[in-house]
Amino acid sequence: MRREERGIVAAFAITALAGIGLVVTYWNGGQPQLEGLLLAVGFGGLCVGLVRWANTILERGGPYEQQRHELASTDEDRKAFEADFEREGIIGRRSVIVKALGAAVGAMGVAALFPLRSLGPKPGRSLVETPWRAGLKLVNDRGAPVQASDVPIGGLVTVFPEGHPGSADGQAVLVRVEEGLLQPEDGRESWSPDGFVCYSKLCTHAGCPVGLYQADTHELLCPCHQSTFDVLRGAEPVFGPAAAPLPQLPLRIGDDGVLRAGGDFSDPVGPSFWRHQ
């Protein structure tokens, strides 16, 4: 193998080793500085190898000029061409270069797959489901169950599903109004026993917490962009940029007086723009 060809193979081998190094680094948890160095070495070796390989294909010297009528190959040229194909050494050296290139590209390709791990686990149903399940108690931020007798008419309490106090997607606002005022949607007549009604605390505009309640108008207010929701009519938006009502949580009161969920929210929580994408 000639010196030039050895240099090409060495450059591709460096790229392959850099790719293997990236795989090992990713597998062990990653290290940004080392990953950047290995990427630079890997792509640098690939570029050097390809450039040097291209230089060996092109004839050096020149430029050369040849008369048109002398384009036909001479007997010496044909014999030299045949000899090139019969010399296994040259074909073998080219095969080594191609294999080295394949190893380099393959190693870097495998390394490129590993950053997918950084995206984390698949979201699964987490975008459309929350920790709420039928029978779970409503608890406060300390994990204490919320008794129906603890919430006066006109009161508001931030609640979470039992076992998940502080849950980001499970947080909800519990409001109590006078019985007979609520105008539930069809199929939700049993969701608000004794005037208790519960909605997701995440605004359907930008996901800000809906934490203000105007008891005289029975409206929930999001302080971020002033979206306002009618508590009596399924938390329909009546003002501001929100275009969808707050998802409602079905409720029931247990024999022990503790408020419990009848299931998950009626719709995916948070901003509504992606619900029907």
# chains A, B, ... in the order shown; residues from 1 in each chain; ligands from 1
call {"tool": "closest_atom_pairs", "arguments": {"of": "range 145-182 of chain A", "to": "range 251-265 of chain A", "cutoff": "7 Å", "atoms": "only C-alpha atoms", "output": "Markdown table"}}
result
| residue | atom | partner | partner_atom | distance |
| --- | --- | --- | --- | --- |
| A:Pro145 | CA | A:Val258 | CA | 6.6 |
| A:Val146 | CA | A:Val258 | CA | 5.8 |
| A:Gln147 | CA | A:Val258 | CA | 4.4 |
| A:Ala148 | CA | A:Gly257 | CA | 5.8 |
call {"tool": "residues_around", "arguments": {"residues": "Phe273 in chain A", "least_positions_apart": "6", "cutoff": "12 Å", "atoms": "only C-alpha atoms", "output": "PyMOL selection string"}}
result
chain A and resi 203-207+241-244
call {"tool": "write_last_selection", "arguments": {"atoms": "N, CA and C atoms", "output": "PDB file, in the first residue's frame"}}
result
ATOM      1  N   CYS A 203     -54.861  27.490  32.358  1.00  0.00           N
ATOM      2  CA  CYS A 203     -55.617  28.277  31.389  1.00  0.00           C
ATOM      3  C   CYS A 203     -55.496  27.654  29.995  1.00  0.00           C
ATOM      4  N   THR A 204     -56.587  27.656  29.258  1.00  0.00           N
ATOM      5  CA  THR A 204     -56.588  27.068  27.919  1.00  0.00           C
ATOM      6  C   THR A 204     -55.983  27.989  26.870  1.00  0.00           C
ATOM      7  N   HIS A 205     -55.506  29.161  27.303  1.00  0.00           N
ATOM      8  CA  HIS A 205     -54.823  30.051  26.365  1.00  0.00           C
ATOM      9  C   HIS A 205     -53.331  29.746  26.304  1.00  0.00           C
ATOM     10  N   ALA A 206     -52.630  29.941  27.421  1.00  0.00           N
ATOM     11  CA  ALA A 206     -51.180  29.734  27.435  1.00  0.00           C
ATOM     12  C   ALA A 206     -50.712  28.853  28.588  1.00  0.00           C
ATOM     13  N   GLY A 207     -51.645  28.264  29.322  1.00  0.00           N
ATOM     14  CA  GLY A 207     -51.261  27.355  30.397  1.00  0.00           C
ATOM     15  C   GLY A 207     -50.933  28.019  31.716  1.00  0.00           C
ATOM     16  N   PRO A 241     -58.247  36.153  25.606  1.00  0.00           N
ATOM     17  CA  PRO A 241     -57.816  35.386  24.432  1.00  0.00           C
ATOM     18  C   PRO A 241     -58.126  33.888  24.468  1.00  0.00           C
ATOM     19  N   ALA A 242     -58.486  33.334  25.614  1.00  0.00           N
ATOM     20  CA  ALA A 242     -58.769  31.894  25.678  1.00  0.00           C
ATOM     21  C   ALA A 242     -59.944  31.555  24.770  1.00  0.00           C
ATOM     22  N   ALA A 243     -59.794  30.473  24.002  1.00  0.00           N
ATOM     23  CA  ALA A 243     -60.826  30.095  23.038  1.00  0.00           C
ATOM     24  C   ALA A 243     -61.580  28.836  23.424  1.00  0.00           C
ATOM     25  N   ALA A 244     -61.197  28.185  24.521  1.00  0.00           N
ATOM     26  CA  ALA A 244     -61.838  26.934  24.920  1.00  0.00           C
ATOM     27  C   ALA A 244     -62.127  26.969  26.416  1.00  0.00           C
TER      28      ALA A 244
END
call {"tool": "select_by_dssp", "arguments": {"residues": "range 122-173 of chain A", "states": "strand (DSSP E or B)", "output": "JSON, numbers by chain"}}
result
{"A": [137, 138, 139, 145, 147, 156, 157, 158, 159, 160, 161, 172, 173]}
call {"tool": "write_last_selection", "arguments": {"atoms": "all heavy atoms", "output": "compact mmCIF listing (two decimals), in the first residue's frame"}}
result
# COMPACT_ATOMS: atom_id res chain seq x y z
N LYS A 137 -59.19 10.83 46.14
CA LYS A 137 -59.59 11.96 46.97
C LYS A 137 -59.01 13.26 46.43
O LYS A 137 -57.93 13.27 45.82
CB LYS A 137 -59.11 11.76 48.40
CG LYS A 137 -59.69 10.55 49.11
CD LYS A 137 -59.10 10.41 50.51
CE LYS A 137 -59.64 9.18 51.22
NZ LYS A 137 -59.05 9.01 52.58
N LEU A 138 -59.72 14.34 46.63
CA LEU A 138 -59.19 15.67 46.38
C LEU A 138 -58.37 16.07 47.60
O LEU A 138 -58.88 16.02 48.74
CB LEU A 138 -60.31 16.68 46.15
CG LEU A 138 -60.90 16.80 44.74
CD1 LEU A 138 -61.57 15.49 44.31
CD2 LEU A 138 -61.91 17.95 44.65
N VAL A 139 -57.10 16.45 47.39
CA VAL A 139 -56.25 16.84 48.51
C VAL A 139 -55.68 18.23 48.24
O VAL A 139 -55.62 18.70 47.10
CB VAL A 139 -55.09 15.82 48.71
CG1 VAL A 139 -55.64 14.43 49.00
CG2 VAL A 139 -54.18 15.77 47.48
N PRO A 145 -56.78 15.42 52.74
CA PRO A 145 -58.06 15.32 52.02
C PRO A 145 -58.93 16.56 52.25
O PRO A 145 -58.91 17.17 53.32
CB PRO A 145 -58.71 14.08 52.61
CG PRO A 145 -57.58 13.29 53.20
CD PRO A 145 -56.59 14.30 53.69
N GLN A 147 -62.46 18.03 52.80
CA GLN A 147 -63.82 17.71 53.22
C GLN A 147 -64.80 18.70 52.59
O GLN A 147 -64.49 19.88 52.40
CB GLN A 147 -63.92 17.80 54.75
CG GLN A 147 -63.06 16.80 55.51
CD GLN A 147 -63.75 15.46 55.63
OE1 GLN A 147 -64.97 15.34 55.43
NE2 GLN A 147 -62.99 14.44 56.00
N LEU A 156 -62.96 29.12 47.17
CA LEU A 156 -62.15 28.48 46.14
C LEU A 156 -60.95 27.80 46.80
O LEU A 156 -60.30 28.39 47.65
CB LEU A 156 -61.67 29.50 45.10
CG LEU A 156 -60.74 28.96 43.99
CD1 LEU A 156 -61.04 29.64 42.67
CD2 LEU A 156 -59.26 29.20 44.35
N VAL A 157 -60.66 26.57 46.38
CA VAL A 157 -59.54 25.81 46.92
C VAL A 157 -58.78 25.17 45.76
O VAL A 157 -59.41 24.60 44.85
CB VAL A 157 -60.01 24.70 47.90
CG1 VAL A 157 -58.82 23.92 48.44
CG2 VAL A 157 -60.81 25.30 49.04
N THR A 158 -57.46 25.27 45.79
CA THR A 158 -56.65 24.55 44.80
C THR A 158 -56.47 23.13 45.29
O THR A 158 -56.03 22.90 46.43
CB THR A 158 -55.28 25.23 44.62
OG1 THR A 158 -55.47 26.55 44.09
CG2 THR A 158 -54.41 24.44 43.66
N VAL A 159 -56.81 22.18 44.45
CA VAL A 159 -56.76 20.77 44.85
C VAL A 159 -55.91 19.96 43.87
O VAL A 159 -55.66 20.38 42.73
CB VAL A 159 -58.18 20.16 44.92
CG1 VAL A 159 -58.99 20.84 46.01
CG2 VAL A 159 -58.89 20.28 43.57
N PHE A 160 -55.50 18.79 44.35
CA PHE A 160 -54.67 17.87 43.56
C PHE A 160 -55.20 16.46 43.75
O PHE A 160 -55.93 16.17 44.71
CB PHE A 160 -53.21 17.93 44.03
CG PHE A 160 -52.59 19.29 43.95
CD1 PHE A 160 -52.64 20.16 45.04
CD2 PHE A 160 -51.97 19.72 42.78
CE1 PHE A 160 -52.07 21.41 44.97
CE2 PHE A 160 -51.40 20.98 42.70
CZ PHE A 160 -51.44 21.83 43.79
N PRO A 161 -54.83 15.54 42.85
CA PRO A 161 -55.26 14.15 43.04
C PRO A 161 -54.51 13.49 44.19
O PRO A 161 -53.33 13.78 44.42
CB PRO A 161 -54.93 13.49 41.70
CG PRO A 161 -53.87 14.35 41.09
CD PRO A 161 -54.13 15.74 41.58
N ALA A 172 -56.11 21.64 40.11
CA ALA A 172 -57.46 22.07 39.75
C ALA A 172 -57.96 23.07 40.77
O ALA A 172 -57.42 23.19 41.88
CB ALA A 172 -58.39 20.86 39.68
N VAL A 173 -59.01 23.79 40.38
CA VAL A 173 -59.64 24.75 41.29
C VAL A 173 -61.03 24.23 41.64
O VAL A 173 -61.83 23.91 40.75
CB VAL A 173 -59.72 26.16 40.68
CG1 VAL A 173 -58.36 26.82 40.69
CG2 VAL A 173 -60.27 26.13 39.27
call {"tool": "residues_around", "arguments": {"residues": "Gly154 in chain A", "least_positions_apart": "5", "cutoff": "12 Å", "atoms": "only C-alpha atoms", "output": "CSV table (one decimal) with N, CA and C atoms, in the first residue's frame"}}
result
chain,number,residue,atom,x,y,z
A,174,LEU,N,-61.3,24.1,42.9
A,174,LEU,CA,-62.6,23.7,43.4
A,174,LEU,C,-63.4,24.9,43.9
A,175,VAL,N,-64.6,25.0,43.4
A,175,VAL,CA,-65.4,26.2,43.7
A,175,VAL,C,-66.8,25.6,44.2
A,176,ARG,N,-67.3,26.3,45.2
A,176,ARG,CA,-68.7,26.0,45.7
A,176,ARG,C,-69.6,27.1,45.5
A,177,VAL,N,-70.7,26.9,44.8
A,177,VAL,CA,-71.7,27.9,44.5
A,177,VAL,C,-73.1,27.4,45.1
A,178,GLU,N,-74.0,28.3,45.2
A,178,GLU,CA,-75.3,27.9,45.7
A,178,GLU,C,-76.0,26.8,44.7
A,179,GLU,N,-76.6,25.8,45.3
A,179,GLU,CA,-77.3,24.8,44.5
A,179,GLU,C,-78.4,25.4,43.6
A,195,GLY,N,-73.5,21.7,44.7
A,195,GLY,CA,-72.9,23.0,44.2
A,195,GLY,C,-71.4,23.0,44.1
A,196,PHE,N,-70.7,21.9,44.3
A,196,PHE,CA,-69.3,21.8,44.1
A,196,PHE,C,-69.0,21.6,42.6
A,197,VAL,N,-68.0,22.4,42.1
A,197,VAL,CA,-67.6,22.3,40.7
A,197,VAL,C,-66.1,22.4,40.7
A,212,LEU,N,-57.8,33.2,40.3
A,212,LEU,CA,-58.6,34.3,40.9
A,212,LEU,C,-60.1,34.0,40.7
A,213,TYR,N,-60.9,34.2,41.7
A,213,TYR,CA,-62.3,33.9,41.6
A,213,TYR,C,-63.1,35.1,42.1
A,214,GLN,N,-64.0,35.6,41.2
A,214,GLN,CA,-64.9,36.6,41.5
A,214,GLN,C,-66.2,36.0,41.9
A,215,ALA,N,-66.5,35.9,43.2
A,215,ALA,CA,-67.7,35.2,43.7
A,215,ALA,C,-69.0,35.9,43.3
A,216,ASP,N,-69.0,37.2,43.2
A,216,ASP,CA,-70.2,37.9,42.8
A,216,ASP,C,-70.7,37.7,41.4
A,217,THR,N,-69.7,37.5,40.5
A,217,THR,CA,-70.1,37.2,39.1
A,217,THR,C,-69.9,35.7,38.7
A,218,HIS,N,-69.3,34.9,39.7
A,218,HIS,CA,-69.0,33.5,39.4
A,218,HIS,C,-68.1,33.3,38.2
A,219,GLU,N,-67.0,34.0,38.3
A,219,GLU,CA,-66.1,34.0,37.1
A,219,GLU,C,-64.7,33.7,37.7
A,220,LEU,N,-64.0,32.8,37.0
A,220,LEU,CA,-62.6,32.5,37.2
A,220,LEU,C,-61.7,33.4,36.3
A,231,VAL,N,-68.0,30.1,35.6
A,231,VAL,CA,-68.1,28.9,36.5
A,231,VAL,C,-69.4,28.2,36.3
call {"tool": "residues_around", "arguments": {"residues": "Val269 in chain A", "least_positions_apart": "5", "cutoff": "7 Å", "atoms": "only C-alpha atoms", "output": "list in words"}}
result
Asp169, Ser200, Leu202 and Pro247 of chain A
call {"tool": "residues_around", "arguments": {"residues": "Asp267 in chain A", "least_positions_apart": "5", "cutoff": "9 Å", "atoms": "only C-alpha atoms", "output": "ChimeraX atom specification"}}
result
/A:128-129,246-248,275
call {"tool": "write_last_selection", "arguments": {"atoms": "N, CA and C atoms", "output": "mmCIF file, in the first residue's frame"}}
result
data_model
loop_
_atom_site.group_PDB
_atom_site.id
_atom_site.type_symbol
_atom_site.label_atom_id
_atom_site.label_comp_id
_atom_site.auth_asym_id
_atom_site.auth_seq_id
_atom_site.Cartn_x
_atom_site.Cartn_y
_atom_site.Cartn_z
ATOM 1 N N VAL A 128 -52.751 13.664 27.073
ATOM 2 C CA VAL A 128 -54.210 13.681 27.095
ATOM 3 C C VAL A 128 -54.774 13.127 28.400
ATOM 4 N N GLU A 129 -53.916 12.617 29.291
ATOM 5 C CA GLU A 129 -54.371 12.086 30.560
ATOM 6 C C GLU A 129 -53.608 12.743 31.701
ATOM 7 N N LEU A 246 -62.360 25.663 30.365
ATOM 8 C CA LEU A 246 -61.475 24.873 31.214
ATOM 9 C C LEU A 246 -62.022 23.452 31.317
ATOM 10 N N PRO A 247 -61.169 22.435 31.197
ATOM 11 C CA PRO A 247 -61.645 21.057 31.369
ATOM 12 C C PRO A 247 -62.245 20.860 32.756
ATOM 13 N N GLN A 248 -63.352 20.142 32.819
ATOM 14 C CA GLN A 248 -64.051 19.937 34.088
ATOM 15 C C GLN A 248 -63.729 18.561 34.657
ATOM 16 N N ARG A 275 -55.063 20.581 20.720
ATOM 17 C CA ARG A 275 -55.977 19.466 20.996
ATOM 18 C C ARG A 275 -56.421 18.730 19.762
#
call {"tool": "select_by_dssp", "arguments": {"residues": "range 94-195 of chain A", "states": "alpha helix (DSSP H)", "output": "VMD selection string"}}
result
chain A and resid 94 to 113
call {"tool": "write_last_selection", "arguments": {"atoms": "N, CA and C atoms", "output": "PDB file, in the first residue's frame"}}
result
ATOM      1  N   ARG A  94      -7.726  -0.424  -3.095  1.00  0.00           N
ATOM      2  CA  ARG A  94      -8.955   0.348  -3.208  1.00  0.00           C
ATOM      3  C   ARG A  94     -10.042  -0.247  -2.328  1.00  0.00           C
ATOM      4  N   SER A  95     -10.102  -1.561  -2.231  1.00  0.00           N
ATOM      5  CA  SER A  95     -11.080  -2.208  -1.381  1.00  0.00           C
ATOM      6  C   SER A  95     -10.874  -1.824   0.081  1.00  0.00           C
ATOM      7  N   VAL A  96      -9.598  -1.736   0.487  1.00  0.00           N
ATOM      8  CA  VAL A  96      -9.307  -1.334   1.859  1.00  0.00           C
ATOM      9  C   VAL A  96      -9.815   0.089   2.124  1.00  0.00           C
ATOM     10  N   ILE A  97      -9.621   0.965   1.172  1.00  0.00           N
ATOM     11  CA  ILE A  97     -10.066   2.348   1.329  1.00  0.00           C
ATOM     12  C   ILE A  97     -11.593   2.411   1.456  1.00  0.00           C
ATOM     13  N   VAL A  98     -12.276   1.653   0.571  1.00  0.00           N
ATOM     14  CA  VAL A  98     -13.738   1.654   0.610  1.00  0.00           C
ATOM     15  C   VAL A  98     -14.244   1.105   1.938  1.00  0.00           C
ATOM     16  N   LYS A  99     -13.609   0.034   2.425  1.00  0.00           N
ATOM     17  CA  LYS A  99     -14.025  -0.532   3.711  1.00  0.00           C
ATOM     18  C   LYS A  99     -13.764   0.442   4.856  1.00  0.00           C
ATOM     19  N   ALA A 100     -12.634   1.149   4.776  1.00  0.00           N
ATOM     20  CA  ALA A 100     -12.336   2.130   5.815  1.00  0.00           C
ATOM     21  C   ALA A 100     -13.372   3.257   5.808  1.00  0.00           C
ATOM     22  N   LEU A 101     -13.758   3.687   4.599  1.00  0.00           N
ATOM     23  CA  LEU A 101     -14.785   4.719   4.494  1.00  0.00           C
ATOM     24  C   LEU A 101     -16.103   4.222   5.068  1.00  0.00           C
ATOM     25  N   GLY A 102     -16.462   2.976   4.751  1.00  0.00           N
ATOM     26  CA  GLY A 102     -17.705   2.415   5.280  1.00  0.00           C
ATOM     27  C   GLY A 102     -17.697   2.353   6.789  1.00  0.00           C
ATOM     28  N   ALA A 103     -16.549   1.966   7.380  1.00  0.00           N
ATOM     29  CA  ALA A 103     -16.455   1.907   8.835  1.00  0.00           C
ATOM     30  C   ALA A 103     -16.592   3.296   9.451  1.00  0.00           C
ATOM     31  N   ALA A 104     -15.965   4.286   8.800  1.00  0.00           N
ATOM     32  CA  ALA A 104     -16.028   5.654   9.321  1.00  0.00           C
ATOM     33  C   ALA A 104     -17.452   6.185   9.295  1.00  0.00           C
ATOM     34  N   VAL A 105     -18.118   6.029   8.145  1.00  0.00           N
ATOM     35  CA  VAL A 105     -19.487   6.535   8.013  1.00  0.00           C
ATOM     36  C   VAL A 105     -20.428   5.762   8.934  1.00  0.00           C
ATOM     37  N   GLY A 106     -20.234   4.441   9.025  1.00  0.00           N
ATOM     38  CA  GLY A 106     -21.089   3.636   9.895  1.00  0.00           C
ATOM     39  C   GLY A 106     -20.963   4.021  11.351  1.00  0.00           C
ATOM     40  N   ALA A 107     -19.725   4.233  11.821  1.00  0.00           N
ATOM     41  CA  ALA A 107     -19.525   4.600  13.225  1.00  0.00           C
ATOM     42  C   ALA A 107     -20.146   5.956  13.543  1.00  0.00           C
ATOM     43  N   MET A 108     -19.968   6.916  12.641  1.00  0.00           N
ATOM     44  CA  MET A 108     -20.560   8.225  12.875  1.00  0.00           C
ATOM     45  C   MET A 108     -22.085   8.163  12.795  1.00  0.00           C
ATOM     46  N   GLY A 109     -22.607   7.286  11.904  1.00  0.00           N
ATOM     47  CA  GLY A 109     -24.057   7.135  11.798  1.00  0.00           C
ATOM     48  C   GLY A 109     -24.663   6.563  13.063  1.00  0.00           C
ATOM     49  N   VAL A 110     -23.998   5.547  13.631  1.00  0.00           N
ATOM     50  CA  VAL A 110     -24.489   4.967  14.883  1.00  0.00           C
ATOM     51  C   VAL A 110     -24.436   6.002  16.002  1.00  0.00           C
ATOM     52  N   ALA A 111     -23.349   6.767  16.045  1.00  0.00           N
ATOM     53  CA  ALA A 111     -23.228   7.800  17.073  1.00  0.00           C
ATOM     54  C   ALA A 111     -24.328   8.849  16.932  1.00  0.00           C
ATOM     55  N   ALA A 112     -24.749   9.125  15.689  1.00  0.00           N
ATOM     56  CA  ALA A 112     -25.786  10.133  15.479  1.00  0.00           C
ATOM     57  C   ALA A 112     -27.139   9.691  16.014  1.00  0.00           C
ATOM     58  N   LEU A 113     -27.335   8.381  16.179  1.00  0.00           N
ATOM     59  CA  LEU A 113     -28.605   7.890  16.688  1.00  0.00           C
ATOM     60  C   LEU A 113     -28.755   8.090  18.190  1.00  0.00           C
TER      61      LEU A 113
END
call {"tool": "closest_residue", "arguments": {"among": "A:Val24, A:Ala83, A:Ala18, A:Leu182", "to": "Gly42 in chain A", "atoms": "only C-alpha atoms"}}
result
A:Ala18
call {"tool": "residues_around", "arguments": {"residues": "Phe229 in chain A", "least_positions_apart": "6", "cutoff": "7 Å", "atoms": "only C-alpha atoms", "output": "PyMOL selection string"}}
result
chain A and resi 219-221+235-238
call {"tool": "write_last_selection", "arguments": {"atoms": "N, CA and C atoms", "output": "tab-separated table (two decimals), in the first residue's frame"}}
result
chain	number	residue	atom	x	y	z
A	219	GLU	N	-67.02	34.04	38.26
A	219	GLU	CA	-66.07	33.97	37.15
A	219	GLU	C	-64.66	33.67	37.66
A	220	LEU	N	-63.98	32.80	36.95
A	220	LEU	CA	-62.57	32.52	37.21
A	220	LEU	C	-61.73	33.39	36.29
A	221	LEU	N	-60.63	33.93	36.82
A	221	LEU	CA	-59.81	34.86	36.05
A	221	LEU	C	-58.37	34.37	35.99
A	235	ALA	N	-67.38	26.66	32.66
A	235	ALA	CA	-66.14	27.42	32.50
A	235	ALA	C	-65.91	27.88	31.06
A	236	GLU	N	-66.99	28.27	30.41
A	236	GLU	CA	-66.88	28.83	29.06
A	236	GLU	C	-66.15	30.18	29.13
A	237	PRO	N	-65.24	30.46	28.18
A	237	PRO	CA	-64.56	31.77	28.20
A	237	PRO	C	-65.53	32.88	27.83
A	238	VAL	N	-65.51	33.95	28.61
A	238	VAL	CA	-66.39	35.09	28.35
A	238	VAL	C	-65.60	36.36	28.07
call {"tool": "closest_residue", "arguments": {"among": "A:Gly234, A:Gly49, A:Gly36, A:Gly29", "to": "Pro184 in chain A", "atoms": "only C-alpha atoms"}}
result
A:Gly234
call {"tool": "atom_distance", "arguments": {"atom1": "CA of Pro165 in chain A", "atom2": "CA of Asp141 in chain A"}}
result
5.2 Å
